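Coordinates as given in protein-v1.csv (CSV, C-alpha atoms):
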chain,number,residue,atom,x,y,z
A,1,MET,CA,52.7,167.7,-42.3
A,2,SER,CA,56.4,168.2,-42.5
A,3,THR,CA,58.8,166.4,-44.8
A,4,ILE,CA,62.3,165.3,-43.7
A,5,LYS,CA,64.8,164.9,-46.5
A,6,VAL,CA,68.0,163.0,-45.8
A,7,ASP,CA,70.4,160.8,-47.8
A,8,ASN,CA,71.4,158.5,-44.9
A,9,LEU,CA,69.6,157.4,-41.7
A,10,GLN,CA,71.7,156.3,-38.7
A,11,THR,CA,71.1,155.5,-35.1
A,12,THR,CA,72.6,157.8,-32.5
A,13,GLY,CA,75.4,155.3,-32.2
A,14,GLY,CA,76.1,155.6,-36.0
A,15,ALA,CA,74.6,152.2,-37.2
A,16,PRO,CA,72.8,152.5,-40.5
A,17,LEU,CA,69.0,152.4,-40.6
A,18,HIS,CA,67.1,151.2,-43.6
A,19,SER,CA,63.4,151.7,-43.9
A,20,ALA,CA,61.0,149.8,-46.2
A,21,ARG,CA,60.6,151.1,-49.8
A,22,ALA,CA,57.0,149.9,-49.9
A,23,TRP,CA,54.6,147.8,-47.9
A,24,VAL,CA,50.9,146.9,-48.1
A,25,ASN,CA,48.4,145.1,-45.9
A,26,PHE,CA,45.3,143.9,-47.6
A,27,ASN,CA,42.3,141.6,-47.3
A,28,GLY,CA,42.4,139.0,-50.0
A,29,THR,CA,39.0,137.5,-49.3
A,30,GLY,CA,35.6,138.6,-50.4
A,31,THR,CA,35.7,142.1,-51.8
A,32,VAL,CA,39.5,142.5,-51.9
A,33,SER,CA,40.5,145.8,-50.2
A,34,ILE,CA,43.7,147.5,-49.1
A,35,ARG,CA,43.9,148.2,-45.3
A,36,ASP,CA,46.9,150.4,-45.4
A,37,ASN,CA,50.1,150.8,-47.4
A,38,SER,CA,53.1,152.9,-48.1
A,39,ASN,CA,54.3,153.6,-51.7
A,40,VAL,CA,51.6,151.3,-53.3
A,41,SER,CA,49.3,152.8,-55.9
A,42,SER,CA,47.2,149.6,-56.3
A,43,ILE,CA,47.0,145.9,-56.0
A,44,THR,CA,45.8,143.5,-58.6
A,45,ASP,CA,43.7,140.5,-57.8
A,46,ASN,CA,44.9,137.9,-60.4
A,47,GLY,CA,42.8,135.0,-59.2
A,48,THR,CA,42.7,132.8,-56.1
A,49,GLY,CA,45.6,133.6,-53.8
A,50,THR,CA,47.6,135.5,-56.4
A,51,TYR,CA,48.1,139.3,-56.3
A,52,THR,CA,50.3,142.0,-57.7
A,53,SER,CA,51.5,145.1,-55.7
A,54,ASN,CA,52.0,148.1,-57.9
A,55,PHE,CA,54.4,150.7,-56.6
A,56,SER,CA,53.7,154.4,-56.5
A,57,VAL,CA,57.4,155.2,-56.9
A,58,ALA,CA,59.4,152.6,-58.7
A,59,ILE,CA,62.2,150.9,-56.8
A,60,PRO,CA,65.6,152.0,-58.1
A,61,SER,CA,66.9,148.5,-58.9
A,62,SER,CA,65.4,145.1,-59.7
A,63,ASN,CA,67.6,143.4,-57.1
A,64,TYR,CA,65.4,144.4,-54.1
A,65,SER,CA,64.5,142.3,-51.2
A,66,TYR,CA,61.0,141.4,-50.1
A,67,ALA,CA,59.1,139.7,-47.3
A,68,VAL,CA,55.5,138.4,-47.6
A,69,SER,CA,53.2,136.7,-45.1
A,70,ALA,CA,49.6,135.5,-45.2
A,71,VAL,CA,47.1,134.6,-42.4
A,72,TRP,CA,45.2,131.3,-42.8
A,73,ASN,CA,41.5,131.9,-42.8
A,74,SER,CA,40.4,128.7,-41.0
A,75,THR,CA,40.7,126.8,-37.8
A,76,ALA,CA,41.5,123.6,-39.8
A,77,SER,CA,44.9,122.2,-39.2
A,78,SER,CA,47.0,123.1,-42.2
A,79,GLN,CA,49.9,125.4,-43.1
A,80,MET,CA,49.7,128.7,-45.1
A,81,HIS,CA,52.5,129.6,-47.4
A,82,ALA,CA,53.2,133.0,-48.9
A,83,GLY,CA,55.9,133.7,-51.5
A,84,ARG,CA,56.7,134.4,-55.1
A,85,ARG,CA,57.1,132.0,-58.0
A,86,ASN,CA,60.5,131.9,-59.5
A,87,ASN,CA,59.1,132.9,-63.0
A,88,SER,CA,56.6,135.5,-61.8
A,89,VAL,CA,56.8,139.2,-62.3
A,90,MET,CA,59.2,141.1,-60.1
A,91,THR,CA,59.9,144.4,-61.7
A,92,THR,CA,60.9,147.8,-60.2
A,93,THR,CA,57.2,148.9,-60.7
A,94,ALA,CA,55.3,145.8,-59.6
A,95,PHE,CA,55.7,142.7,-57.5
A,96,TYR,CA,53.7,139.4,-57.9
A,97,HIS,CA,53.0,137.3,-54.9
A,98,GLU,CA,50.8,134.5,-53.8
A,99,SER,CA,49.4,132.5,-50.9
A,100,SER,CA,48.6,128.8,-50.7
A,101,ASN,CA,47.6,126.2,-48.1
A,102,ASN,CA,48.0,122.5,-47.7
A,103,LEU,CA,44.5,121.7,-46.5
A,104,GLY,CA,44.5,119.0,-49.2
A,105,SER,CA,47.5,116.8,-49.7
A,106,ALA,CA,49.3,119.5,-51.7
A,107,PHE,CA,49.7,123.2,-51.5
A,108,THR,CA,47.0,125.0,-53.6
A,109,PRO,CA,46.4,128.7,-54.0
A,110,SER,CA,44.3,130.1,-51.3
A,111,ASP,CA,43.0,133.6,-50.4
A,112,SER,CA,44.1,135.2,-47.1
A,113,PRO,CA,42.2,137.6,-45.0
A,114,GLU,CA,45.4,139.3,-44.2
A,115,PHE,CA,48.2,139.4,-46.7
A,116,VAL,CA,51.3,141.6,-45.9
A,117,SER,CA,54.0,142.4,-48.4
A,118,THR,CA,57.1,144.5,-47.7
A,119,VAL,CA,59.9,145.6,-50.0
A,120,PHE,CA,63.4,146.7,-48.9
A,121,TYR,CA,66.1,148.2,-51.0
B,1,MET,CA,41.0,163.0,-47.9
B,2,THR,CA,38.7,161.1,-50.2
B,3,GLU,CA,36.3,158.4,-49.0
B,4,TYR,CA,37.6,155.0,-50.2
B,5,THR,CA,37.0,154.9,-54.0
B,6,LYS,CA,33.9,153.4,-55.5
B,7,TYR,CA,35.8,152.2,-58.5
B,8,ARG,CA,37.7,149.1,-59.6
B,9,VAL,CA,39.3,148.2,-62.9
B,10,VAL,CA,38.6,144.8,-64.4
B,11,PHE,CA,40.9,143.6,-67.2
B,12,ASP,CA,42.0,140.7,-69.2
B,13,ASP,CA,45.5,139.8,-70.3
B,14,PRO,CA,45.3,139.8,-74.2
B,15,ASP,CA,48.0,137.1,-74.3
B,16,ASN,CA,46.2,134.8,-71.9
B,17,LEU,CA,42.5,135.2,-72.4
B,18,ASP,CA,41.8,131.9,-70.7
B,19,GLU,CA,43.0,133.3,-67.4
B,20,THR,CA,40.6,134.7,-64.8
B,21,THR,CA,39.6,138.3,-65.3
B,22,LYS,CA,41.8,140.4,-63.1
B,23,VAL,CA,40.7,143.2,-60.7
B,24,LEU,CA,42.8,146.3,-59.9
B,25,ILE,CA,42.1,147.8,-56.5
B,26,PRO,CA,43.4,151.4,-56.1
B,27,ALA,CA,45.1,152.5,-52.9
B,28,LYS,CA,43.2,155.3,-51.1
B,29,GLU,CA,46.5,157.2,-50.3
B,30,TRP,CA,47.5,157.2,-54.0
B,31,LEU,CA,44.1,158.5,-55.0
B,32,ASP,CA,44.4,161.3,-52.4
B,33,GLU,CA,47.8,162.3,-53.9
B,34,ALA,CA,46.4,162.2,-57.5
B,35,MET,CA,43.4,164.3,-56.5
B,36,ALA,CA,45.7,166.7,-54.7
B,37,GLY,CA,47.8,167.2,-57.8
B,38,LYS,CA,50.9,165.5,-56.7
B,39,LEU,CA,51.5,163.1,-59.6
B,40,PRO,CA,54.2,163.5,-62.3
B,41,PRO,CA,53.3,163.2,-66.0
B,42,ILE,CA,52.5,159.6,-66.9
B,43,TRP,CA,55.4,159.5,-69.4
B,44,VAL,CA,57.8,159.5,-66.4
B,45,TYR,CA,56.5,156.0,-65.5
B,46,TRP,CA,56.4,154.8,-69.1
B,47,GLN,CA,60.1,155.8,-69.5
B,48,LEU,CA,61.1,153.7,-66.5
B,49,GLN,CA,59.0,150.7,-67.8
B,50,ASP,CA,60.5,151.0,-71.2
B,51,ASP,CA,64.1,151.1,-69.9
B,52,GLU,CA,63.4,148.0,-67.7
B,53,ASN,CA,61.7,146.1,-70.6
B,54,LYS,CA,64.6,146.8,-72.8
B,55,ALA,CA,67.0,145.5,-70.2
B,56,ARG,CA,64.9,142.4,-69.9
B,57,GLU,CA,64.9,141.8,-73.7
B,58,GLU,CA,68.7,142.3,-73.8
B,59,GLY,CA,69.3,139.9,-70.8
B,60,ARG,CA,70.5,142.7,-68.5
B,61,ILE,CA,67.7,142.5,-65.9
B,62,GLU,CA,69.7,140.6,-63.3
B,63,SER,CA,71.8,143.7,-62.6
B,64,PHE,CA,69.3,146.3,-63.8
B,65,SER,CA,69.2,149.7,-62.1
B,66,HIS,CA,67.3,152.8,-63.3
B,67,ASP,CA,69.1,155.9,-64.6
B,68,PRO,CA,69.1,158.1,-61.4
B,69,GLU,CA,68.0,161.2,-63.4
B,70,LYS,CA,65.1,159.4,-64.9
B,71,HIS,CA,64.2,157.8,-61.6
B,72,GLU,CA,64.2,161.1,-59.8
B,73,LEU,CA,61.7,162.5,-62.2
B,74,GLN,CA,59.1,160.6,-60.3
B,75,TRP,CA,59.3,163.3,-57.6
B,76,LYS,CA,61.2,166.1,-59.4
B,77,ALA,CA,59.2,166.5,-62.6
B,78,PRO,CA,56.6,169.3,-62.6
B,79,ARG,CA,53.3,168.0,-61.2
B,80,ILE,CA,50.3,167.7,-63.5
B,81,GLY,CA,47.8,169.3,-61.2
B,82,PRO,CA,44.7,168.0,-59.4
B,83,LEU,CA,42.7,165.2,-61.1
B,84,THR,CA,39.1,164.2,-60.5
B,85,GLU,CA,38.6,160.7,-59.2
B,86,GLU,CA,37.6,159.5,-62.6
B,87,GLU,CA,40.7,161.1,-64.2
B,88,ALA,CA,42.8,159.5,-61.5
B,89,MET,CA,41.4,156.1,-62.4
B,90,GLU,CA,42.2,156.6,-66.0
B,91,TYR,CA,45.8,157.6,-65.1
B,92,LEU,CA,46.1,154.5,-62.9
B,93,VAL,CA,45.0,152.3,-65.9
B,94,MET,CA,47.8,153.8,-67.9
B,95,LYS,CA,50.3,153.3,-65.0
B,96,ASP,CA,49.4,149.9,-63.5
B,97,LEU,CA,47.7,147.9,-66.2
B,98,PRO,CA,49.8,146.1,-68.8
B,99,ARG,CA,50.2,148.5,-71.7
B,100,LYS,CA,48.9,146.0,-74.2
B,101,CYS,CA,45.5,146.1,-72.4
B,102,TRP,CA,44.8,149.7,-73.3
B,103,ALA,CA,47.4,150.8,-75.9
B,104,GLU,CA,46.8,148.1,-78.5
B,105,GLU,CA,43.7,147.4,-80.6
B,106,HIS,CA,41.8,144.2,-79.9
B,107,ASN,CA,38.5,142.8,-81.1
B,108,ARG,CA,37.0,143.8,-77.8
B,109,PRO,CA,37.9,146.1,-74.8
B,110,MET,CA,40.4,144.5,-72.5
B,111,PHE,CA,39.6,146.6,-69.5
B,112,ARG,CA,36.7,148.5,-67.9
B,113,ILE,CA,36.5,150.9,-65.0
B,114,VAL,CA,33.5,149.6,-62.9
B,115,ARG,CA,31.9,150.3,-59.6
B,116,THR,CA,33.1,148.2,-56.7
B,117,GLU,CA,29.7,146.6,-56.2
B,118,GLU,CA,29.8,145.3,-59.8
B,119,VAL,CA,32.7,143.0,-59.0
B,120,PRO,CA,31.5,139.6,-57.5
B,121,SER,CA,32.7,139.3,-53.9
B,122,ASP,CA,32.5,135.5,-54.0
B,123,ARG,CA,35.8,134.1,-55.2
B,124,GLN,CA,34.4,131.1,-57.1
B,125,PHE,CA,32.0,133.3,-58.9
B,126,ARG,CA,34.8,135.9,-59.6
B,127,ASN,CA,37.1,133.3,-61.0
B,128,ALA,CA,34.4,132.1,-63.4
B,129,TRP,CA,33.3,135.7,-64.2
B,130,GLU,CA,34.1,137.1,-67.6
B,131,MET,CA,34.4,140.7,-68.7
B,132,VAL,CA,31.9,141.5,-71.4
B,133,GLU,CA,31.3,144.7,-73.3
Let me see the structure of the file written as structure tokens.
Amino acid sequence: MSTIKVDNLQTTGGAPLHSARAWVNFNGTGTVSIRDNSNVSSITDNGTGTYTSNFSVAIPSSNYSYAVSAVWNSTASSQMHAGRRNNSVMTTTAFYHESSNNLGSAFTPSDSPEFVSTVFY
Amino acid sequence: MTEYTKYRVVFDDPDNLDETTKVLIPAKEWLDEAMAGKLPPIWVYWQLQDDENKAREEGRIESFSHDPEKHELQWKAPRIGPLTEEEAMEYLVMKDLPRKCWAEEHNRPMFRIVRTEEVPSDRQFRNAWEMVE
């Protein structure tokens, strides 16, 4: 395998390209397991619908951007929400995120068979 | 390439013992790198964690960025050499678990490295499950 080292990525037209710093796709149901990832050393199962992604290489700054999504594990009519609580851990070495659904009247933590988290910086 | 690891780490937060016992799941790719000898000394990560914790305590976390030289040590520091799978799990404990779980003394162990099949696969059972010595 070869390694390409560059400081900047650009399209052939000169537009800047930015790749993800880290991403992970995991099954949050049953025996929780990581399907695939980049720059993630582990995930932590903190309880129903709540997980932490731990980065292999720390992000340079705490002001990174992230995107998370979660698949709803049911045919029942409801919505699945994935995100981060305002007061939860978001450090350069770890990122806390959670999934919830509104199968009841309010959103409550819920495990997802496919949770995806991506970090950009 | 290793087969997917047979290990998990279960741990409790010493500050919140009423919370559910947590389970750390290692990434296969990271374990492959650890066993291939591609990791830096663990203090490289501790140094970054300490700097960030200090910034948080001093109210500077909103604009916090790592010292570039310290950050680059993650890939520039001399590698520590190949680890066994068990050694890699111990390294991961010191890297990804809250330091107070393993570095401070408590009246009982706050973490254990266990086999995957020892962790309940049922969520309701796992949430009620407690780590015992």
Give the residues of chain A that lie within 7 Å of chain B; count all atoms listed in the file, and format the answer as an MDAnalysis selection string. chainID A and resid 30:31 33:34 40:47 54 57 60:63
Could you give me, as a ChimeraX atom specification, the residues that have an atom at most 12 Å away from the point (36.4, 150.1, -69.8) in the coordinates of the file, using all atoms listed in the file? /B:7-12,86,89-90,93,101-102,108-115,131-133
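For the pair atom CA of Met80 of chain A and atom CA of Ala58 of chain A, the separation is 29.2 Å.
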Expressed in Å, the length from atom CA of Thr50 of chain A to atom CA of Phe115 of chain A is 10.5 Å
Shell of 12 Å around Ala36 of chain B, only C-alpha atoms, local chain residues under 6 positions omitted, as a ChimeraX atom specification: /B:1-2,29-30,79-85,88
Quick one: write out the picked residues with C-alpha atoms as a compact mmCIF listing (two decimals), in the frame of the given file?
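Full text of selection-v6.txt as output:
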# COMPACT_ATOMS: atom_id res chain seq x y z
CA MET B 1 41.00 163.00 -47.90
CA THR B 2 38.70 161.10 -50.20
CA GLU B 29 46.50 157.20 -50.30
CA TRP B 30 47.50 157.20 -54.00
CA ARG B 79 53.30 168.00 -61.20
CA ILE B 80 50.30 167.70 -63.50
CA GLY B 81 47.80 169.30 -61.20
CA PRO B 82 44.70 168.00 -59.40
CA LEU B 83 42.70 165.20 -61.10
CA THR B 84 39.10 164.20 -60.50
CA GLU B 85 38.60 160.70 -59.20
CA ALA B 88 42.80 159.50 -61.50
Quote the spacing between atom CA of Asn8 of chain A and atom CA of Thr118 of chain A in Å to one decimal place. 20.2 Å
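Distances here use only C-alpha atoms; by that measure, the residue among A:Gly14, A:Val24, A:Asp7, A:Phe95 closest to Tyr64 of chain A is A:Phe95.
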Please provide the set of residues having any atom within 6 Å of His97 of chain A, restricted to only C-alpha atoms, with same-chain residues fewer than 4 positions apart removed, written as number ranges by chain. A: 50-51, 83-84
If we count all atoms listed in the file, what is near Gly49 of chain A at a cut-off of 7 Å, once residues fewer than 5 positions away on the same chain are taken out, given as number ranges by chain? A: 98-100, 109-111
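Using only C-alpha atoms, the smallest distance between any of B:Asp15, B:Glu87, B:Lys76, B:Lys100 and Pro40 of chain B comes from B:Lys76.
Checking A:Thr11, A:Ser117, A:Thr91, A:Thr29 one by one against Asp51 of chain B, counting all atoms listed in the file, you find the shortest gap at A:Thr91.
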